[in-house]
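Asks: Below is the file input_3.cif, which contains mmCIF, N, CA and C atoms.
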data_my_file
#
loop_
_atom_site.label_atom_id
_atom_site.label_comp_id
_atom_site.auth_asym_id
_atom_site.auth_seq_id
_atom_site.Cartn_x
_atom_site.Cartn_y
_atom_site.Cartn_z
N MET A 22 0.82 -1.19 0.00
CA MET A 22 0.00 0.00 0.00
C MET A 22 0.87 1.26 0.00
N ILE A 23 1.87 1.29 0.89
CA ILE A 23 2.73 2.47 0.96
C ILE A 23 3.54 2.61 -0.33
N GLN A 24 3.98 1.49 -0.89
CA GLN A 24 4.73 1.53 -2.14
C GLN A 24 3.86 2.07 -3.28
N ALA A 25 2.60 1.67 -3.31
CA ALA A 25 1.68 2.19 -4.32
C ALA A 25 1.50 3.70 -4.17
N LEU A 26 1.37 4.17 -2.92
CA LEU A 26 1.26 5.61 -2.67
C LEU A 26 2.55 6.32 -3.08
N ALA A 27 3.68 5.71 -2.79
CA ALA A 27 4.96 6.31 -3.16
C ALA A 27 5.06 6.46 -4.68
N ASN A 28 4.63 5.45 -5.40
CA ASN A 28 4.66 5.51 -6.86
C ASN A 28 3.70 6.58 -7.39
N LEU A 29 2.54 6.67 -6.77
CA LEU A 29 1.53 7.64 -7.20
C LEU A 29 1.99 9.07 -6.92
N LEU A 30 2.61 9.28 -5.78
CA LEU A 30 3.01 10.63 -5.37
C LEU A 30 4.44 10.99 -5.76
N GLU A 31 5.11 10.09 -6.47
CA GLU A 31 6.51 10.33 -6.84
C GLU A 31 6.74 11.66 -7.55
N PRO A 32 5.92 12.05 -8.54
CA PRO A 32 6.18 13.34 -9.20
C PRO A 32 6.13 14.52 -8.23
N ILE A 33 5.21 14.49 -7.30
CA ILE A 33 5.11 15.59 -6.33
C ILE A 33 6.33 15.62 -5.42
N PHE A 34 6.69 14.46 -4.90
CA PHE A 34 7.79 14.41 -3.95
C PHE A 34 9.13 14.71 -4.62
N VAL A 35 9.37 14.14 -5.78
CA VAL A 35 10.66 14.28 -6.44
C VAL A 35 10.79 15.64 -7.13
N ILE A 36 9.77 16.03 -7.89
CA ILE A 36 9.88 17.25 -8.68
C ILE A 36 9.57 18.50 -7.85
N TRP A 37 8.46 18.49 -7.12
CA TRP A 37 8.04 19.70 -6.41
C TRP A 37 8.81 19.89 -5.10
N PHE A 38 8.94 18.83 -4.29
CA PHE A 38 9.59 18.95 -2.99
C PHE A 38 11.09 18.64 -3.04
N GLY A 39 11.54 17.93 -4.06
CA GLY A 39 12.95 17.60 -4.19
C GLY A 39 13.46 16.54 -3.24
N VAL A 40 12.57 15.67 -2.78
CA VAL A 40 12.96 14.59 -1.86
C VAL A 40 12.69 13.24 -2.51
N PRO A 41 13.33 12.18 -2.04
CA PRO A 41 13.10 10.85 -2.62
C PRO A 41 11.66 10.38 -2.39
N LYS A 42 11.17 9.55 -3.30
CA LYS A 42 9.80 9.04 -3.14
C LYS A 42 9.66 8.14 -1.92
N GLU A 43 10.77 7.64 -1.41
CA GLU A 43 10.73 6.79 -0.21
C GLU A 43 10.29 7.54 1.04
N THR A 44 10.21 8.87 0.97
CA THR A 44 9.77 9.65 2.12
C THR A 44 8.26 9.56 2.33
N VAL A 45 7.54 8.94 1.42
CA VAL A 45 6.08 8.80 1.59
C VAL A 45 5.76 8.01 2.85
N GLY A 46 6.47 6.91 3.08
CA GLY A 46 6.22 6.09 4.28
C GLY A 46 6.37 6.87 5.57
N PRO A 47 7.50 7.56 5.76
CA PRO A 47 7.63 8.37 6.97
C PRO A 47 6.58 9.48 7.09
N LEU A 48 6.19 10.06 5.96
CA LEU A 48 5.15 11.09 6.04
C LEU A 48 3.81 10.51 6.47
N ILE A 49 3.53 9.30 6.07
CA ILE A 49 2.31 8.63 6.54
C ILE A 49 2.45 8.31 8.03
N ALA A 50 3.64 7.85 8.42
CA ALA A 50 3.88 7.55 9.83
C ALA A 50 3.80 8.80 10.69
N ALA A 51 4.10 9.97 10.10
CA ALA A 51 4.03 11.23 10.84
C ALA A 51 2.63 11.51 11.34
N PHE A 52 1.64 10.95 10.67
CA PHE A 52 0.26 11.11 11.13
C PHE A 52 0.07 10.46 12.49
N LEU A 53 0.81 9.39 12.74
CA LEU A 53 0.72 8.71 14.03
C LEU A 53 1.70 9.30 15.04
N ARG A 54 2.96 9.42 14.64
CA ARG A 54 3.98 9.95 15.54
C ARG A 54 5.08 10.63 14.73
N LYS A 55 5.26 11.91 14.97
CA LYS A 55 6.26 12.66 14.22
C LYS A 55 7.68 12.23 14.55
N ASP A 56 7.95 11.90 15.82
CA ASP A 56 9.30 11.49 16.18
C ASP A 56 9.68 10.18 15.48
N LEU A 57 8.72 9.28 15.33
CA LEU A 57 8.95 8.03 14.61
C LEU A 57 9.25 8.31 13.14
N ALA A 58 8.53 9.25 12.57
CA ALA A 58 8.75 9.59 11.16
C ALA A 58 10.15 10.13 10.93
N ILE A 59 10.63 10.98 11.83
CA ILE A 59 11.99 11.52 11.69
C ILE A 59 13.01 10.39 11.78
N ALA A 60 12.80 9.46 12.70
CA ALA A 60 13.71 8.31 12.83
C ALA A 60 13.70 7.48 11.55
N GLN A 61 12.54 7.29 10.93
CA GLN A 61 12.46 6.53 9.68
C GLN A 61 13.19 7.25 8.55
N LEU A 62 13.18 8.57 8.56
CA LEU A 62 13.87 9.32 7.50
C LEU A 62 15.37 9.05 7.51
N THR A 63 15.92 8.78 8.68
CA THR A 63 17.37 8.58 8.76
C THR A 63 17.82 7.30 8.06
N THR A 64 16.89 6.39 7.77
CA THR A 64 17.26 5.15 7.09
C THR A 64 17.23 5.28 5.57
N ILE A 65 16.76 6.41 5.07
CA ILE A 65 16.66 6.63 3.63
C ILE A 65 17.91 7.38 3.17
N PRO A 66 18.61 6.86 2.15
CA PRO A 66 19.79 7.58 1.65
C PRO A 66 19.38 8.90 1.00
N MET A 67 19.84 10.02 1.60
CA MET A 67 19.51 11.36 1.11
C MET A 67 20.69 12.29 1.29
N THR A 68 20.67 13.37 0.52
CA THR A 68 21.64 14.44 0.75
C THR A 68 21.21 15.22 1.98
N THR A 69 22.09 16.06 2.47
CA THR A 69 21.75 16.90 3.63
C THR A 69 20.56 17.79 3.30
N TYR A 70 20.57 18.37 2.11
CA TYR A 70 19.45 19.21 1.68
C TYR A 70 18.14 18.43 1.69
N GLN A 71 18.15 17.23 1.14
CA GLN A 71 16.92 16.43 1.10
C GLN A 71 16.44 16.08 2.50
N MET A 72 17.37 15.82 3.43
CA MET A 72 16.99 15.52 4.80
C MET A 72 16.33 16.73 5.45
N VAL A 73 16.92 17.90 5.26
CA VAL A 73 16.34 19.12 5.82
C VAL A 73 14.95 19.36 5.24
N ALA A 74 14.81 19.22 3.93
CA ALA A 74 13.50 19.42 3.29
C ALA A 74 12.49 18.40 3.82
N SER A 75 12.90 17.15 3.99
CA SER A 75 12.00 16.12 4.49
C SER A 75 11.56 16.40 5.92
N VAL A 76 12.49 16.82 6.76
CA VAL A 76 12.15 17.11 8.16
C VAL A 76 11.19 18.30 8.23
N VAL A 77 11.41 19.31 7.40
CA VAL A 77 10.48 20.44 7.37
C VAL A 77 9.10 19.99 6.93
N LEU A 78 9.03 19.13 5.92
CA LEU A 78 7.73 18.61 5.48
C LEU A 78 7.03 17.84 6.59
N VAL A 79 7.77 17.01 7.29
CA VAL A 79 7.18 16.26 8.41
C VAL A 79 6.68 17.23 9.48
N THR A 80 7.44 18.27 9.73
CA THR A 80 7.08 19.23 10.77
C THR A 80 5.79 19.98 10.44
N ILE A 81 5.62 20.41 9.17
CA ILE A 81 4.44 21.19 8.83
C ILE A 81 3.32 20.34 8.25
N TYR A 82 3.60 19.08 8.04
CA TYR A 82 2.61 18.14 7.52
C TYR A 82 1.47 17.98 8.52
N PHE A 83 0.40 17.37 8.10
CA PHE A 83 -0.81 17.21 8.91
C PHE A 83 -0.49 16.79 10.33
N PRO A 84 -1.21 17.35 11.30
CA PRO A 84 -0.94 17.03 12.70
C PRO A 84 -1.14 15.55 13.02
N CYS A 85 -0.65 15.16 14.17
CA CYS A 85 -0.76 13.77 14.58
C CYS A 85 -2.22 13.39 14.83
N VAL A 86 -2.46 12.12 15.02
CA VAL A 86 -3.82 11.60 15.15
C VAL A 86 -4.56 12.20 16.34
N ALA A 87 -3.85 12.49 17.43
CA ALA A 87 -4.51 13.08 18.60
C ALA A 87 -5.06 14.47 18.27
N THR A 88 -4.28 15.26 17.56
CA THR A 88 -4.73 16.59 17.14
C THR A 88 -5.89 16.47 16.16
N PHE A 89 -5.81 15.49 15.28
CA PHE A 89 -6.88 15.24 14.31
C PHE A 89 -8.19 14.97 15.03
N VAL A 90 -8.16 14.17 16.09
CA VAL A 90 -9.37 13.85 16.86
C VAL A 90 -9.94 15.11 17.51
N VAL A 91 -9.08 15.92 18.08
CA VAL A 91 -9.54 17.17 18.71
C VAL A 91 -10.17 18.08 17.65
N MET A 92 -9.53 18.18 16.49
CA MET A 92 -10.08 19.00 15.42
C MET A 92 -11.42 18.45 14.94
N LEU A 93 -11.55 17.15 14.93
CA LEU A 93 -12.80 16.52 14.51
C LEU A 93 -13.93 16.87 15.47
N ARG A 94 -13.61 17.00 16.75
CA ARG A 94 -14.62 17.38 17.74
C ARG A 94 -15.14 18.80 17.50
N GLU A 95 -14.30 19.64 16.92
CA GLU A 95 -14.71 21.02 16.63
C GLU A 95 -15.74 21.07 15.52
N GLY A 96 -15.77 20.06 14.68
CA GLY A 96 -16.74 20.01 13.59
C GLY A 96 -16.09 19.68 12.27
N TRP A 97 -16.90 19.13 11.37
CA TRP A 97 -16.40 18.71 10.06
C TRP A 97 -15.96 19.89 9.20
N LYS A 98 -16.69 20.98 9.25
CA LYS A 98 -16.33 22.13 8.42
C LYS A 98 -14.98 22.70 8.84
N GLU A 99 -14.77 22.80 10.13
CA GLU A 99 -13.49 23.31 10.62
C GLU A 99 -12.36 22.36 10.27
N LEU A 100 -12.61 21.06 10.39
CA LEU A 100 -11.60 20.07 10.04
C LEU A 100 -11.24 20.15 8.56
N CYS A 101 -12.25 20.22 7.70
CA CYS A 101 -11.99 20.31 6.26
C CYS A 101 -11.24 21.60 5.91
N ALA A 102 -11.61 22.70 6.57
CA ALA A 102 -10.90 23.96 6.34
C ALA A 102 -9.45 23.85 6.77
N ALA A 103 -9.22 23.23 7.93
CA ALA A 103 -7.85 23.07 8.42
C ALA A 103 -7.03 22.19 7.48
N ILE A 104 -7.63 21.12 6.98
CA ILE A 104 -6.93 20.24 6.04
C ILE A 104 -6.57 20.99 4.77
N ALA A 105 -7.51 21.78 4.25
CA ALA A 105 -7.25 22.55 3.04
C ALA A 105 -6.10 23.53 3.25
N VAL A 106 -6.12 24.23 4.36
CA VAL A 106 -5.04 25.19 4.67
C VAL A 106 -3.71 24.46 4.81
N LEU A 107 -3.71 23.32 5.49
CA LEU A 107 -2.47 22.57 5.67
C LEU A 107 -1.89 22.10 4.34
N PHE A 108 -2.72 21.61 3.43
CA PHE A 108 -2.22 21.18 2.13
C PHE A 108 -1.61 22.35 1.36
N VAL A 109 -2.27 23.50 1.40
CA VAL A 109 -1.75 24.68 0.71
C VAL A 109 -0.41 25.09 1.32
N VAL A 110 -0.34 25.14 2.65
CA VAL A 110 0.89 25.54 3.33
C VAL A 110 2.02 24.56 3.01
N VAL A 111 1.75 23.27 3.06
CA VAL A 111 2.78 22.27 2.76
C VAL A 111 3.29 22.44 1.33
N PHE A 112 2.38 22.63 0.38
CA PHE A 112 2.82 22.79 -1.02
C PHE A 112 3.60 24.08 -1.22
N ILE A 113 3.16 25.16 -0.60
CA ILE A 113 3.88 26.43 -0.75
C ILE A 113 5.26 26.33 -0.11
N TYR A 114 5.31 25.94 1.15
CA TYR A 114 6.61 25.86 1.84
C TYR A 114 7.52 24.82 1.21
N GLY A 115 6.98 23.67 0.86
CA GLY A 115 7.80 22.65 0.21
C GLY A 115 8.38 23.14 -1.10
N GLY A 116 7.56 23.84 -1.89
CA GLY A 116 8.04 24.40 -3.15
C GLY A 116 9.09 25.48 -2.94
N ILE A 117 8.87 26.34 -1.93
CA ILE A 117 9.84 27.39 -1.63
C ILE A 117 11.17 26.79 -1.19
N ILE A 118 11.12 25.79 -0.33
CA ILE A 118 12.35 25.15 0.14
C ILE A 118 13.11 24.55 -1.04
N HIS A 119 12.40 23.90 -1.93
CA HIS A 119 13.06 23.31 -3.10
C HIS A 119 13.63 24.39 -4.01
N ALA A 120 12.87 25.47 -4.22
CA ALA A 120 13.35 26.57 -5.07
C ALA A 120 14.62 27.20 -4.48
N VAL A 121 14.63 27.40 -3.17
CA VAL A 121 15.82 27.96 -2.52
C VAL A 121 17.00 27.00 -2.67
N GLY A 122 16.74 25.71 -2.52
CA GLY A 122 17.79 24.72 -2.72
C GLY A 122 18.36 24.75 -4.13
N ILE A 123 17.48 24.94 -5.10
CA ILE A 123 17.94 25.03 -6.50
C ILE A 123 18.78 26.31 -6.68
N LEU A 124 18.28 27.42 -6.15
CA LEU A 124 19.02 28.69 -6.28
C LEU A 124 20.38 28.65 -5.60
N LEU A 125 20.48 27.93 -4.49
CA LEU A 125 21.77 27.81 -3.79
C LEU A 125 22.66 26.73 -4.37
N GLY A 126 22.10 25.95 -5.29
CA GLY A 126 22.89 24.91 -5.93
C GLY A 126 23.06 23.65 -5.11
N VAL A 127 22.18 23.43 -4.12
CA VAL A 127 22.30 22.25 -3.29
C VAL A 127 21.21 21.23 -3.58
N ALA A 128 20.21 21.60 -4.35
CA ALA A 128 19.11 20.69 -4.66
C ALA A 128 19.43 19.83 -5.85
#
Can the structure from this file be put into structure tokens for me?
Replies:
Amino acid sequence: MIQALANLLEPIFVIWFGVPKETVGPLIAAFLRKDLAIAQLTTIPMTTYQMVASVVLVTIYFPCVATFVVMLREGWKELCAAIAVLFVVVFIYGGIIHAVGILLGVA
């Protein structure tokens, strides 16, 4: 399942964020525990730039399951709005980080 997601999301992760497609698994794990996701990232062969970009993505990526439950209690509309904002923020920041990496010649 995770491999299928990695293949599906490969263009976004590789082209837009500049990180290996193998980071899909840790990003999914970040939904459960962010510290576990960071530990999983260390097992993936990456450049320093890719590691920094991946850690930033994990940090701003969707909150953990406990936060998700609290947000769900606030209501579906608020949850959907929060998810929409989070996706926009992740794409903007991820793209900016990759663009800066390209401009600095490290991406």
Asks: Just give me the gap between atom C of Ile113 of chain A and atom C of Pro84 of chain A in Å, one decimal is fine.
Replies: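 These atoms are spaced 18.2 Å apart.
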Asks: Report as a PyMOL selection string all protein, DNA and RNA residues lying within 7 Å of Ile59 of chain A, evaluated on all atoms listed in the file, omitting residues in the same chain fewer than 6 positions from it.
Replies: chain A and resi 47+51+76
Asks: Could you tell me which residues the PyMOL selection byres (((chain A and resi 38 and name CA) around 9) and name CA) returns for this structure, as a count of residues only?
Replies: 20
Asks: May I ask for the distance between atom CA of Val91 of chain A and atom CA of Met22 of chain A, given in Å to one decimal place?
Replies: 27.1 Å
Asks: Using only C-alpha atoms for the distances, tell me which of A:Ala58, A:Leu30, A:Gln24, A:Ile123 is nearest to Val77 of chain A.
Replies: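 Of the candidates, the smallest distance to Val77 of chain A is held by A:Ala58.
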Asks: Report, in Å with one decimal, the straight-line distance from atom CA of Lys42 of chain A to atom CA of Val106 of chain A.
Replies: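 Result for atom CA of Lys42 of chain A versus atom CA of Val106 of chain A: 23.3 Å, one decimal.
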Asks: Among the residues of segment 33-109 of chain A, find those DSSP assigns to alpha helix (DSSP H) from the backbone and print them as a VMD selection string.
Replies: chain A and resid 45 to 50 55 to 62 69 to 81 86 to 95 97 to 109
Asks: Nearest to Phe89 of chain A among A:Phe52, A:Leu124, A:Ala102, A:Pro66, with distances taken over only C-alpha atoms: which residue is it?
Replies: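 Smallest separation from Phe89 of chain A among the options: A:Phe52.
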Asks: Which of these residues is nearest to Ile65 of chain A, using only C-alpha atoms: A:Ala103, A:Val45, A:Leu29, A:Ile81?
Replies: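 Between A:Ala103, A:Val45, A:Leu29, A:Ile81, the residue approaching Ile65 of chain A most closely is A:Val45.
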Asks: Report, as AutoDock Vina command-line options, the centre and edge lengths in Å (one decimal) of the axis-aligned box enclosing every listed atom of segment 62-77 of chain A, padded by 3 Å on each side.
Replies:
--center_x 15.6 --center_y 12.8 --center_z 4.6 --size_x 19.0 --size_y 21.3 --size_z 14.2
Asks: Could you check which of A:Ala105, A:Val110, A:Glu31, A:Lys55 is closest to Val79 of chain A, using only C-alpha atoms?
Replies: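 Of A:Ala105, A:Val110, A:Glu31, A:Lys55, the one nearest Val79 of chain A, counting only C-alpha atoms, is A:Lys55.
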